[in-house]
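S.K.: Sharing coords-v3.tsv (TSV, C-alpha atoms) below.
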chain	number	residue	atom	x	y	z
A	777	MET	CA	59.03	72.55	58.62
A	778	ASN	CA	62.51	73.91	59.38
A	779	VAL	CA	63.21	77.60	58.86
A	780	ASN	CA	66.99	78.08	58.80
A	781	ILE	CA	68.05	81.67	59.41
A	782	PHE	CA	71.61	81.96	58.07
A	783	LEU	CA	73.50	84.69	59.94
A	784	TYR	CA	76.88	86.36	59.49
A	785	ASP	CA	78.56	89.29	61.24
A	786	ASP	CA	76.98	92.65	60.38
A	787	PHE	CA	73.70	91.19	59.09
A	788	GLU	CA	70.74	93.58	59.20
A	789	THR	CA	68.69	92.72	62.29
A	790	LEU	CA	65.22	93.25	60.85
A	791	ASP	CA	66.15	91.39	57.66
A	792	ALA	CA	66.48	88.26	59.78
A	793	PHE	CA	63.82	88.89	62.39
A	794	ALA	CA	60.94	89.97	60.14
A	795	PRO	CA	60.72	86.40	58.78
A	796	VAL	CA	61.34	85.03	62.30
A	797	SER	CA	58.40	87.10	63.57
A	798	VAL	CA	56.11	85.62	60.92
A	799	PHE	CA	57.19	81.98	61.04
A	800	GLY	CA	57.64	82.09	64.81
A	801	GLN	CA	53.93	82.81	65.30
A	802	ARG	CA	53.20	79.18	64.44
A	803	PRO	CA	55.71	76.87	66.14
A	804	ASP	CA	53.27	74.03	65.43
A	805	TYR	CA	54.21	74.39	61.73
A	806	PHE	CA	57.66	76.00	61.76
A	807	HIS	CA	60.83	75.22	63.72
A	808	ILE	CA	63.39	78.04	63.59
A	809	ASN	CA	67.14	77.32	63.52
A	810	TYR	CA	69.75	80.06	63.78
A	811	VAL	CA	72.82	78.97	61.84
A	812	SER	CA	76.12	80.45	60.74
A	813	MET	CA	79.07	79.00	58.91
A	814	TYR	CA	81.00	77.97	62.02
A	815	GLY	CA	78.51	78.43	64.87
A	816	ASP	CA	79.07	80.62	67.95
A	817	ILE	CA	77.78	84.15	68.53
A	818	VAL	CA	77.06	86.33	65.51
A	819	ASN	CA	76.64	90.13	65.81
A	820	SER	CA	74.16	92.12	63.75
A	821	SER	CA	74.92	95.61	62.42
A	822	GLN	CA	72.86	96.98	65.30
A	823	GLY	CA	74.76	94.97	67.95
A	824	VAL	CA	72.24	92.18	68.49
A	825	LYS	CA	74.09	89.01	69.48
A	826	VAL	CA	72.62	85.69	68.34
A	827	TRP	CA	73.85	82.25	69.35
A	828	THR	CA	74.05	80.07	66.24
A	829	GLU	CA	74.72	76.46	65.41
A	830	ALA	CA	77.37	75.55	62.86
A	831	ALA	CA	75.63	75.15	59.52
A	832	SER	CA	77.51	71.92	58.87
A	833	GLU	CA	75.89	70.39	61.96
A	834	VAL	CA	72.33	71.26	60.96
A	835	LEU	CA	70.52	69.51	58.16
A	836	LEU	CA	69.56	72.53	56.06
A	837	LYS	CA	66.27	71.57	54.52
A	838	ASP	CA	62.86	73.11	53.91
A	839	ILE	CA	63.40	76.91	54.14
A	840	LEU	CA	66.63	78.94	54.07
A	841	VAL	CA	66.53	82.67	54.93
A	842	ILE	CA	69.46	84.91	53.93
A	843	PRO	CA	69.29	88.42	55.41
A	844	GLY	CA	71.14	91.34	53.91
A	845	GLY	CA	73.34	93.81	55.70
A	846	ARG	CA	76.71	95.53	55.71
A	847	GLY	CA	78.47	92.19	56.04
A	848	ALA	CA	77.04	90.93	52.72
A	849	LYS	CA	79.70	92.66	50.61
A	850	ARG	CA	82.47	91.19	52.73
A	851	LEU	CA	81.05	87.68	52.32
A	852	ILE	CA	80.79	87.98	48.56
A	853	THR	CA	84.29	89.28	48.02
A	854	HIS	CA	86.25	87.44	50.71
A	855	ASP	CA	84.68	84.10	51.56
A	856	GLU	CA	84.68	81.51	48.79
A	857	ILE	CA	84.15	78.64	51.25
A	858	LEU	CA	80.95	80.23	52.50
A	859	THR	CA	79.78	80.98	48.96
A	860	GLY	CA	80.31	77.33	48.01
A	861	PHE	CA	78.46	76.17	51.10
A	862	LEU	CA	75.51	78.48	50.42
A	863	LYS	CA	75.32	77.26	46.83
A	864	LYS	CA	74.83	73.70	48.08
A	865	ALA	CA	72.39	74.87	50.76
A	866	ALA	CA	70.30	76.85	48.25
A	867	GLU	CA	70.20	73.81	45.98
A	868	SER	CA	69.06	71.48	48.77
A	869	VAL	CA	66.24	73.50	50.34
A	870	ASN	CA	62.67	73.75	49.08
A	871	TYR	CA	62.50	77.54	49.52
A	872	CYS	CA	65.26	80.14	49.60
A	873	LEU	CA	64.18	83.53	50.99
A	874	MET	CA	66.50	86.51	50.50
A	875	VAL	CA	66.06	89.90	52.10
A	876	GLY	CA	67.61	92.99	50.48
A	877	SER	CA	71.30	92.45	49.78
A	878	GLY	CA	70.93	88.83	50.88
A	879	ALA	CA	70.00	88.29	47.22
A	880	GLY	CA	73.49	89.49	46.31
A	881	ILE	CA	74.98	86.71	48.43
A	882	ILE	CA	72.94	84.02	46.70
A	883	ALA	CA	73.54	85.66	43.31
A	884	GLN	CA	77.26	85.12	43.84
A	885	THR	CA	76.62	81.35	43.99
A	886	GLY	CA	75.16	81.39	40.46
A	887	GLN	CA	71.76	80.17	41.68
A	888	LEU	CA	69.93	83.30	40.52
A	889	PHE	CA	71.23	83.40	36.95
A	890	HIS	CA	68.30	84.28	34.63
A	891	ARG	CA	65.91	84.63	37.55
A	892	HIS	CA	63.73	87.53	38.67
A	893	VAL	CA	64.74	89.21	41.92
A	894	ALA	CA	63.29	92.17	43.84
A	895	ASP	CA	65.50	95.20	43.35
A	896	PHE	CA	67.09	96.54	46.53
A	897	GLU	CA	69.06	99.64	47.42
A	898	MET	CA	72.74	98.98	46.90
A	899	ALA	CA	75.47	100.69	44.94
A	900	GLU	CA	74.74	100.08	41.26
A	901	ASN	CA	78.40	99.30	40.54
A	902	TRP	CA	78.31	96.61	43.21
A	903	LYS	CA	75.20	95.08	41.67
A	904	ARG	CA	76.72	95.12	38.19
A	905	MET	CA	79.90	93.44	39.43
A	906	PHE	CA	78.32	90.68	41.46
A	907	THR	CA	74.87	90.06	40.05
A	908	ALA	CA	75.17	89.87	36.26
A	909	GLY	CA	72.52	87.84	34.48
A	910	ILE	CA	69.77	88.61	36.99
A	911	SER	CA	66.53	90.35	36.07
A	912	TRP	CA	66.02	92.97	38.78
A	913	ILE	CA	62.36	93.90	39.27
A	914	PRO	CA	62.01	97.51	40.50
A	915	ASP	CA	59.16	98.97	42.53
A	916	VAL	CA	57.86	95.72	44.04
A	917	LYS	CA	57.93	94.54	47.64
A	918	TRP	CA	58.85	90.97	46.84
A	919	VAL	CA	59.33	88.52	44.00
A	920	ALA	CA	58.77	84.76	43.77
A	921	ASP	CA	60.66	82.89	41.04
A	922	GLY	CA	60.49	79.14	41.54
A	923	LYS	CA	61.82	78.32	44.98
A	924	PHE	CA	63.62	81.67	45.22
A	925	TYR	CA	61.83	84.49	47.03
A	926	SER	CA	63.36	87.94	47.39
A	927	SER	CA	62.21	91.09	49.15
A	928	SER	CA	63.34	94.61	48.44
A	929	ASN	CA	63.93	95.54	52.09
A	930	SER	CA	63.33	94.58	55.72
A	931	ALA	CA	59.72	95.74	55.85
A	932	ALA	CA	58.88	93.84	52.67
A	933	ALA	CA	60.31	90.70	54.30
A	934	PHE	CA	57.13	90.56	56.40
A	935	ASN	CA	55.06	90.49	53.20
A	936	MET	CA	57.29	87.90	51.54
A	937	SER	CA	57.17	85.63	54.60
A	938	LEU	CA	53.39	85.93	54.82
A	939	GLY	CA	53.25	85.08	51.11
A	940	VAL	CA	55.25	81.91	51.75
A	941	VAL	CA	52.89	80.94	54.59
A	942	THR	CA	49.98	81.49	52.19
A	943	GLU	CA	51.58	79.26	49.58
A	944	LEU	CA	52.61	76.51	51.99
A	945	LEU	CA	49.60	76.43	54.28
A	946	ASP	CA	46.61	78.73	54.03
A	947	PRO	CA	45.75	82.38	53.32
A	948	ASP	CA	43.61	82.48	56.46
A	949	LEU	CA	46.63	81.46	58.52
A	950	SER	CA	48.65	84.30	56.97
A	951	ASP	CA	45.87	86.74	57.83
A	952	GLU	CA	45.81	85.42	61.40
A	953	ILE	CA	49.59	85.84	61.75
A	954	ALA	CA	49.45	89.38	60.32
A	955	ARG	CA	46.69	90.30	62.79
A	956	LYS	CA	48.71	88.91	65.73
A	957	LEU	CA	51.68	91.00	64.63
A	958	GLY	CA	49.52	94.10	64.16
A	959	TYR	CA	50.65	94.14	60.54
A	960	SER	CA	48.41	95.41	57.76
A	961	TRP	CA	48.61	92.89	54.94
A	962	ASP	CA	46.46	91.91	51.97
A	963	ILE	CA	47.84	89.46	49.42
A	964	GLU	CA	45.70	91.06	46.70
A	965	GLU	CA	47.32	94.47	47.27
A	966	ASP	CA	50.74	93.23	48.26
A	967	GLY	CA	52.90	94.50	45.41
A	968	TYR	CA	54.65	91.26	44.53
A	969	TYR	CA	55.84	89.88	41.20
Would you mind writing the file out in structure tokens?

M.R.:
Amino acid sequence: MNVNIFLYDDFETLDAFAPVSVFGQRPDYFHINYVSMYGDIVNSSQGVKVWTEAASEVLLKDILVIPGGRGAKRLITHDEILTGFLKKAAESVNYCLMVGSGAGIIAQTGQLFHRHVADFEMAENWKRMFTAGISWIPDVKWVADGKFYSSSNSAAAFNMSLGVVTELLDPDLSDEIARKLGYSWDIEEDGYY
């Protein structure tokens, strides 16, 4: 199964690499692709440089991961081509995982209208402007609504990713991955909606 990590300049490093840490534990099940709109090197907010493939050259199927970060606002307000591309990508994949303000990016495509999404810290005015028609769920780590999964922050992205592994494969496999990562996780006490 392909896990496509969609990156853009000033993404939040842990927003992308928490899911990578989980899915990357089982390369026999998951193949990770790092993609961006045009390919080349993408810089995170913390200065991590990641070589990416152009999204148009990769068949985006199976799982799409959209991290949040400082660059999210810029994408939403200044890049209609990217927003259009992500709308098509979100429609074509089986699962769309959004971390923090990554949900704001997908919200701008209209794909989250009338859906439940994990609330994340962001200026309330920004959320009102760009995410109307979304039911924000406060005080949860992550939310699953159809094929759309959202986490409230970077740390909760571990939980969300383990939840996806549980749904796709096996709860025992999720427990094994959590143990390998040294991560304390129990689906029964996870705080998801």

S.K.: Out of A:Ala792, A:Ile839, A:Glu952, A:Asp786, which residue has the shortest atom-to-atom distance to Gly823 of chain A when counting all atoms listed in the file?

M.R.: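 Of A:Ala792, A:Ile839, A:Glu952, A:Asp786, the one nearest Gly823 of chain A is A:Asp786, counting all atoms listed in the file.
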
S.K.: Smallest atom-to-atom distance to Ile910 of chain A: which of A:Met777, A:Ala933, A:Ala879, A:Ile817, using all atoms listed in the file?

M.R.: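 For Ile910 of chain A, the nearest of the given residues is A:Ala879.
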
S.K.: Between A:Asp855, A:Glu829, A:Asp804, A:Asp838, which has the minimum distance to Ile881 of chain A (counting only C-alpha atoms)?

M.R.: A:Asp855

S.K.: Restricting the calculation to all atoms listed in the file, which member of A:Arg955, A:Lys825, A:Arg802, A:Arg891 is positioned closest to Asp921 of chain A?

M.R.: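 Looking only at the distances to Asp921 of chain A, the closest residue turns out to be A:Arg891.
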
S.K.: Between atom CA of Val779 of chain A and atom CA of Pro803 of chain A, measure the distance and give it in Å to one decimal.

M.R.: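 One can read the atom CA of Val779 of chain A to atom CA of Pro803 of chain A distance as 10.5 Å.
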
S.K.: Would you kindly return, as a ChimeraX atom specification, each protein, DNA or RNA residue with an atom no farther than 10 Å from any atom of Tyr969 of chain A, considering all atoms listed in the file and excluding same-chain residues fewer than 5 positions away?

M.R.: /A:892-894,913-921,925-926

S.K.: Provide the atom CA of Lys837 of chain A to atom CA of Ala865 of chain A distance in Å, to one decimal place.

M.R.: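 Atom CA of Lys837 of chain A sits 7.9 Å away from atom CA of Ala865 of chain A.
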
S.K.: From the list A:Thr853, A:Asn778, A:Ser960, A:Thr828, which residue is nearest His807 of chain A when using only C-alpha atoms?

M.R.: A:Asn778

S.K.: In Å, how far is it from atom CA of Gln801 of chain A to atom CA of Ser928 of chain A?

M.R.: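 Atom CA of Ser928 of chain A lies 22.6 Å from atom CA of Gln801 of chain A.
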
S.K.: Of the candidates A:Asn935, A:Thr789, A:Asn929, A:Asn809, which shows the shortest atom-to-atom distance to Ala830 of chain A, using all atoms listed in the file?

M.R.: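 Once distances to Ala830 of chain A are computed over all atoms listed in the file, the minimum belongs to A:Asn809.
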
S.K.: Within 10 Å of Gly939 of chain A, counting all atoms listed in the file, which residues qualify if same-chain residues fewer than 3 places away don't, as number ranges by chain?

M.R.: A: 918-920, 925, 933-936, 942-947, 950, 961-963, 966, 968

S.K.: For a quick check of your reading of the model, name the residues lying within 6 Å of the coordinate (68.8, 85.2, 54.2), counting all atoms listed in the file, and write them as an NGL selection string.

M.R.: :A and (782 or 841-843 or 873-875 or 878)

S.K.: Could you give me, as a VMD selection string, the residues within 10 Å of segment 847-852 of chain A, counting all atoms listed in the file and dropping anything in the same chain fewer than 6 positions from it?

M.R.: chain A and resid 783 to 788 820 to 821 858 to 859 876 to 885 902 906
